[in-house]
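Report on one structure; see the data block that follows.
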Amino acid sequence: MSRLSRRSYAGSMHERRVSRHRVSDEDLMNYVLRVALLSYKIQPKAVDTPSNEAESKERDYSARIQGAISNSIFSLGDLFSGSKGVRFPKDLLKTLEQKLQDIAMGKDPAYSDQLIRRTMAVFYGQVKDESFRRQMKENRKIEELILMFATNATNVLKKEPTLAGDGWKVELNNHISQFIRLLRDCLRHVSHVSPELTARLDMYTAKLAPSQSVYSDSGYDSSSTSRDRDSVGSSKRISMSVRDMPLVQTAAGLFKLPEVELQREIDELSKYCTEKAALNDLKTCLKNINAGAPFPGRREDFDSEAAWQHWRTLETSHLSQLMVVMVQFNPELAKSTPSDALPATATSSSGGRPGSVYSYASQRESYYATSRHASISSRNSITSAAFYSKNPDAAGEEVAGDDDLPVGHHFTYIPPNPRKYYKRLLEICIAADLEAMLSPAVGDDDEVSLGILSPSHIELINECALRWRIGQPYRAVCFLDIVKQFYERNEVPLECIPEALHTIGRVMHEIEFEKWPTQDCDYLAQVYGGLFSIFLSCLYHAMDALPNLKPTEIAPYLQILETVRDSGLLSRFDVDVTARIQDVQDQIRSVAARAYDEKNRELHSAPGVNRALPLLFMTDELEKWAKLLDKRFPEPLLGQLDVVSLVVEVQIPMFLQDLDASRKRLFEDSMNGPTPDVPIQDVFALYRRTKTLMGMYQAFVPNGDAEFDIAGFFEPYVQQWLTNTHEKTTQWVQAAIAADKFEAEGPEGHSSSIIDLFDSLRSPINFLDELEWSDEYQEAKFYTSLSKTISRAIEQYCRSVEELFMAEMFPRPTDFIQPQKSSAWLEKAKQLATTTGEKKLNPFNFRPESCVKLNNIQAARRLLDNMYAQMKADQKAEILATAAPPVPEKDVKPQRYLFTVKIAIAEGLVPLDSSPSTKLDTFVTLSDEQGHRLAKTRTIYETLSPRWDETFDLSVEKPLWLMVSVRDRALIGKHDTVGRAYICLDPRRYGDYLTHDQWMDLDTQGRILLRISMEGEKDDPQFYFGRAFRSLKRAEADMVRVFIDKISPFIRQSISRPVLKSLIKTNTSIDYNKAIGNVTALYRSALGGSNDVQIPLPSSEKPRVRPEELTDVEIEQALTPLFDFFDANLPTLNTYLSDSAKEMVMTRVWKEILNVIEGLLIPPLSNIESDMKPLTDKEVDIAFKWLKFLRDYFYAGGEGPIPLETLQNQKYRDVLSIRLYYDWHTDALMEECVRMMQQSLRASPSVKKRAKSVKFQRNLGTIKDRKREKQQEKEGSNGETILRILRMRPGTSDFIAQQLHAMTSLQAEREAQAQEAQKRKLARPSRQQQQHQSIPEVPEIPPVPPLPSKDS
């Protein structure tokens, strides 16, 4: 039984208060004394005869033994008869094993009897047996466990010599009773013990030990007579002294009645409070039941016929049993009562008096029907009760003959209103026991019962309930009601309420609630309603502790509230549960708001200028509170009070309101200078915390209406961060390059700077990814801005690396001195320079650092492609195209356009001095209208027809005039201007988005070719990644071009007409023997071969008459300087260039060789007659043998740097085709040219495609696709080759000009048709607004701006 310390109780008890009832204490005392007196009068009495003392003792001993044996259990089946097995908890066996061990070893003083220890020790051995444990774990029936003990105890007791005859039977009852007591002790140490199991064990205890009092703290299941009066025989005769009446003294003490007055009162009551009157009261009750009188009960008191019949059967049986016991006790009563008026009963071998046997479940041997008297609990009495239980009308028929007993409330011992009298008595008893607990006699640490009532008061209450016919349901509810009232007055601790509720539960388990009297059901509903209100109010006030509320602080309230709620009785009391729950919800919201305000004031009162910190700390607090409450209260209280949801519902919207109110000040403080009061990192931390809180709000309050535009609030900060990031790109590029030694790292041959740069660029992408921005369109705009930053960083890196690369490739004498290397190619170059009179070539060796820089550019393309995929640029571009909100007209920004200007070639340049042999070192600059330089090409040395082939991007939003200046580089002083030209970049003139070849005459002499195309700038990631890829591609092309420029002079000098002519001359100065020694060992595989491409001669061609031919070795010797040059430099390229870079450089070298040989044979295409003379047949043969030797050198039997497929490409085949037409007659060439041109135009009727757009260069995939298309567009046509051959024939200039004009006209006509078709297509409606609705009309050229004063 639960206990609490007196100290804890004293803290809750202030003063004794007594409720006022209509029942006067004087009347109550009178009826209580009557019951106490009757209890004394009907106790067992022995006749006092003057017999021999020894004989008396012997007879008394014999009677005791006979009575004990007659009441002992001869069959264990009697103990468990009518009982359904109850399962015990799993942990009971473990606790029982430890207890049995302690008893067997003598460690438990409560079981010190040797015989008890022996039986317990024997059973302990069986408990240790594994098979027994397995059987018990599977079965877990408490009855089987008791039977197993009884079997062991029987074996032990039968062998005990001190127990002669049937003495072991008496001892067996005791041992089984002790074992059941042990089981009860063990259950106190086991959790989750069912009340049914506890009740069953107490019932077995009552059967086994009927002579022992079993008190209940609340007084609902105890007998009414103490042990002192339970002896089978008494040597004392009845006395009328109150000193011999314990129960009367208990009542007198309760009402503070002095002994003298008590004695006088008892003497007066004895006149009419007789046993006969008690018997008449029982008879009257039976008669009232049959007559349908209000007391003790009638059909109208029950909701159903079944409930009425159940109550009537049990009540009649109990009344009849009490009558039988009284007649057995006092046979004189039978004389005044006809024998046929009493229920038949078997003769009991033990005299006795009735106890508190009133229980609706006596037939089922309930825990609440325990008895302390053999006369009631014996098998004979139970049999008699069972008879009348089966025949509820039998007892009524037996007393039907008592016609002198009127029907109605005519009783001696039963007060007029028994329930009110009982309730008042119970209240007085509880108050008296509470007062006793506060007395000095009780120590502060002494344990007192949660049931409050003392044993003497329990006995008195039980006797009154028995005589007043108070049912168990009312007794339990009444006790709960009074405890509730005392708790409301703060006179009992909270723990008493669950104890009283447990009593209700036991009664409900024993008697189904549907079978309770209606009045008791309504009473319980009323009490439950009161309890619900009280403890819901307690829960309401407990919420003041939020958010630090602990589950243990409200667990008792919740336990009581859940018990009351689960009963389903609140509807009877008409309690508006929803409204009361709503009150608690409002309280939680109020407390949450108050806690937020207090914490907010505390945080903002802290010193500091960072306004984001209080908000950040508040988000931490809110999340901490929510997680704490979610952990402490994972489920809604009472199924409706979700604490964490209610708190979050209030606090997060309050925080969002405060955050929104601080919008302006927070933004100003984050932008005030280079070191703002609010660092941008704190703002983004606030964004993440706010996003987390909003996610929590959505999770806990799915139907909440809190609105906060988190994207709109933090979008300016992201824009500012993007601006800051954009400004940092220069630092990132500079830092990466400064820390780079340009030494190859890894198999790809790149250095650290490109990795460092992309690590820096990848961090802002990761940052944006981690933001998990909710607005897809805004996020796409952020990534677009970041793409622009990445493009800018790539462009800066390309420029910086190119500058370093150019400094290495064109070193200044003060910075770098090329180490002189005495090699064969240097000597040959000197000889050739001396022989031919050409300008002396400076030797150059490639450096590993230059190769690494080219590798870096190629690695950047791969890394940029990975970054493109990481950013999901295609997806972002699609979002921008489909989800863009409508833009107001006033906010529409003018369209920007990206012009791609390729500075191709110049021709007809005139030296600045009069010397005809002077050459120019030219470069080109592009300047705007104010003279600001926009672009500059590299310098092309020693030529009057330079080819730059460099491309620049210019972004414009309105027409822009460009000044194109061709300059001559001067080693010292100012660069000279060779000539100028002007062009206007007007978006309206280039609206067809095609590439336009613009030949512009210089203001001096000569002309320059620009290839110009335009496309609209798009503000999306695809466009900016396209620009970045284009920057890398151009940087790569420029660097490869520089490599070729360093190699090309040696190629052109080794494969030239002077070398051809010197080779053919008989007096050549070249030492062939030395040349053979240098090259034979290296190029053995180049001699001969089966891979020659055979070009058949036309049948009309006459066989050539060749002079004395040079041998192949002699022809190859002329290339020895070139081969030596390759041998000196190609190993460096092969070692330090990546595989892809090496293939690209070698392919370009091969292309240069093809161009040089082609230029050796025929002049470039032009409508101007060339002064170049055709080669002789012998020279042509030598030129094609050189081509073969060089092809074999680069192929090297499959081990060279270039595969054979690349070597024998379309250009190679075009060069070989020159040999076919080289000796044809002029007229035949003209006819063939016309035929081929017409055929070519018919075969490719498509118009010129648009220029290469940035969009198609946005990643490696699109670049490869574009390259594949370009290769497919190439067509082998010999018409151009024939025109170039005709340039060397006299009188062909008009024909060439006519053919070129025809080609141009036909192409222009087809382009016009295509433009017209495009206009019609754009005129049709489309799903999306096109960027350009139609090709604009070409406007007039604006006037040329004045020449800027400052020469760039």
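Lettering and numbering for the structure tokens are positional, with chains as A, B, ... in the shown order, residues counted from 1 in each chain, and ligands counted from 1 in the shown order.
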
Show which residues sit within 9 Å of range 1290-1292 of chain A, as a list in words. Count only C-alpha atoms, and ignore same-chain residues fewer than 4 positions away. Asn1167, Glu1169, Ser1170, Thr1226, Met1230, Leu1286, Ile1296 and Ala1297 of chain A

Using N, CA and C atoms, can you export the residues from the last selection as an mmCIF file, in the first residue's frame?
data_model
loop_
_atom_site.group_PDB
_atom_site.id
_atom_site.type_symbol
_atom_site.label_atom_id
_atom_site.label_comp_id
_atom_site.auth_asym_id
_atom_site.auth_seq_id
_atom_site.Cartn_x
_atom_site.Cartn_y
_atom_site.Cartn_z
ATOM 1 N N ASN A 1167 40.881 38.416 -106.410
ATOM 2 C CA ASN A 1167 40.564 38.794 -107.796
ATOM 3 C C ASN A 1167 41.666 39.627 -108.437
ATOM 4 N N GLU A 1169 45.489 39.837 -109.931
ATOM 5 C CA GLU A 1169 46.468 38.945 -110.541
ATOM 6 C C GLU A 1169 47.716 38.876 -109.685
ATOM 7 N N SER A 1170 48.225 37.658 -109.485
ATOM 8 C CA SER A 1170 49.377 37.445 -108.624
ATOM 9 C C SER A 1170 50.660 37.448 -109.423
ATOM 10 N N THR A 1226 45.029 26.509 -119.273
ATOM 11 C CA THR A 1226 44.225 27.564 -118.643
ATOM 12 C C THR A 1226 42.758 27.426 -118.997
ATOM 13 N N MET A 1230 39.534 26.811 -116.522
ATOM 14 C CA MET A 1230 38.368 27.687 -116.416
ATOM 15 C C MET A 1230 37.064 26.894 -116.548
ATOM 16 N N LEU A 1286 44.696 29.591 -111.213
ATOM 17 C CA LEU A 1286 44.520 30.530 -112.323
ATOM 18 C C LEU A 1286 45.141 31.884 -112.023
ATOM 19 N N ILE A 1296 38.446 35.427 -112.760
ATOM 20 C CA ILE A 1296 38.400 35.180 -111.310
ATOM 21 C C ILE A 1296 37.426 36.133 -110.649
ATOM 22 N N ALA A 1297 37.495 37.441 -111.034
ATOM 23 C CA ALA A 1297 36.583 38.419 -110.447
ATOM 24 C C ALA A 1297 35.139 38.088 -110.779
#

I'd like to know which residues of range 940-969 of chain A are strand (DSSP E or B) (by DSSP, run on the backbone); could you write them as a ChimeraX atom specification? /A:940-943,947-956,960-968

Give me a file of those residues, with N, CA and C atoms, as a tab-separated table (two decimals), in the first residue's frame.
chain	number	residue	atom	x	y	z
A	940	ILE	N	52.22	40.89	-85.40
A	940	ILE	CA	52.68	39.97	-86.45
A	940	ILE	C	53.90	40.63	-87.11
A	941	TYR	N	55.01	39.93	-87.09
A	941	TYR	CA	56.28	40.52	-87.50
A	941	TYR	C	56.57	40.24	-88.98
A	942	GLU	N	57.25	41.23	-89.56
A	942	GLU	CA	57.90	41.08	-90.85
A	942	GLU	C	56.96	40.64	-91.97
A	943	THR	N	55.87	41.37	-92.14
A	943	THR	CA	54.97	41.07	-93.24
A	943	THR	C	54.13	42.29	-93.56
A	947	ARG	N	48.18	38.28	-90.70
A	947	ARG	CA	46.96	37.56	-90.33
A	947	ARG	C	46.94	37.42	-88.80
A	948	TRP	N	45.96	38.06	-88.20
A	948	TRP	CA	45.87	38.01	-86.72
A	948	TRP	C	44.88	36.94	-86.27
A	949	ASP	N	43.72	36.92	-86.88
A	949	ASP	CA	42.66	35.95	-86.52
A	949	ASP	C	42.40	35.96	-85.01
A	950	GLU	N	42.23	37.15	-84.47
A	950	GLU	CA	41.91	37.29	-83.04
A	950	GLU	C	40.51	37.87	-82.90
A	951	THR	N	39.79	37.36	-81.88
A	951	THR	CA	38.38	37.70	-81.70
A	951	THR	C	38.18	38.41	-80.36
A	952	PHE	N	37.31	39.41	-80.37
A	952	PHE	CA	37.01	40.18	-79.16
A	952	PHE	C	35.50	40.34	-79.04
A	953	ASP	N	35.02	40.37	-77.80
A	953	ASP	CA	33.60	40.57	-77.51
A	953	ASP	C	33.38	41.98	-76.99
A	954	LEU	N	32.42	42.67	-77.55
A	954	LEU	CA	32.10	44.03	-77.13
A	954	LEU	C	30.60	44.09	-76.83
A	955	SER	N	30.26	44.55	-75.63
A	955	SER	CA	28.86	44.62	-75.21
A	955	SER	C	28.36	46.04	-75.39
A	956	VAL	N	27.25	46.20	-76.13
A	956	VAL	CA	26.72	47.54	-76.39
A	956	VAL	C	25.21	47.51	-76.21
A	960	LEU	N	27.64	52.01	-81.56
A	960	LEU	CA	28.98	52.36	-81.09
A	960	LEU	C	29.92	52.43	-82.28
A	961	TRP	N	30.61	53.57	-82.43
A	961	TRP	CA	31.64	53.74	-83.48
A	961	TRP	C	32.95	53.19	-82.97
A	962	LEU	N	33.60	52.41	-83.82
A	962	LEU	CA	34.92	51.87	-83.51
A	962	LEU	C	35.94	52.45	-84.48
A	963	MET	N	37.08	52.79	-83.93
A	963	MET	CA	38.21	53.19	-84.77
A	963	MET	C	39.18	52.02	-84.81
A	964	VAL	N	39.44	51.52	-86.02
A	964	VAL	CA	40.36	50.40	-86.20
A	964	VAL	C	41.70	50.98	-86.63
A	965	SER	N	42.70	50.82	-85.78
A	965	SER	CA	44.03	51.39	-86.05
A	965	SER	C	45.02	50.27	-86.25
A	966	VAL	N	45.71	50.31	-87.41
A	966	VAL	CA	46.80	49.37	-87.67
A	966	VAL	C	48.09	50.08	-87.31
A	967	ARG	N	48.84	49.48	-86.38
A	967	ARG	CA	50.04	50.15	-85.85
A	967	ARG	C	51.27	49.31	-86.17
A	968	ASP	N	52.38	50.02	-86.27
A	968	ASP	CA	53.67	49.38	-86.50
A	968	ASP	C	54.47	49.49	-85.21

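Atom to atom, CA of Gly1200 in chain A and CA of Phe1043 in chain A stand 18.7 Å apart.
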
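The neighbours of Met1237 in chain A here are the residues that come within 9 Å of it, using only C-alpha atoms and leaving out any residue fewer than 6 positions away in the same chain; they are Ser1277, Asn1278, Gly1279, Glu1280, Gln1299 and Met1303 of chain A.
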
Writer output for current selection, C-alpha atoms, as a PDB file, in the first residue's frame:
ATOM      1  CA  SER A1277      35.548  21.443-103.396  1.00  0.00           C
ATOM      2  CA  ASN A1278      38.366  21.985-105.859  1.00  0.00           C
ATOM      3  CA  GLY A1279      36.813  25.082-107.426  1.00  0.00           C
ATOM      4  CA  GLU A1280      38.678  27.399-105.078  1.00  0.00           C
ATOM      5  CA  GLN A1299      33.389  33.930-110.588  1.00  0.00           C
ATOM      6  CA  MET A1303      29.298  33.342-105.944  1.00  0.00           C
TER       7      MET A1303
END

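The protein and nucleic acid residues lying at most 10 Å from Ser241 in chain A are Met245, Leu262, Gln263, Ile266 and Asp267 of chain A, with only C-alpha atoms considered and sequence neighbours fewer than 4 positions away removed.
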
Long-range neighbours of Leu157 in chain A as a list in words, 9 Å cut-off, only C-alpha atoms, 3 positions minimum in chain: Leu115, Thr119, Asn152, Ala153, Thr154, Glu160, Pro161, Leu163, Trp168, Lys169, Glu171 and Leu172 of chain A
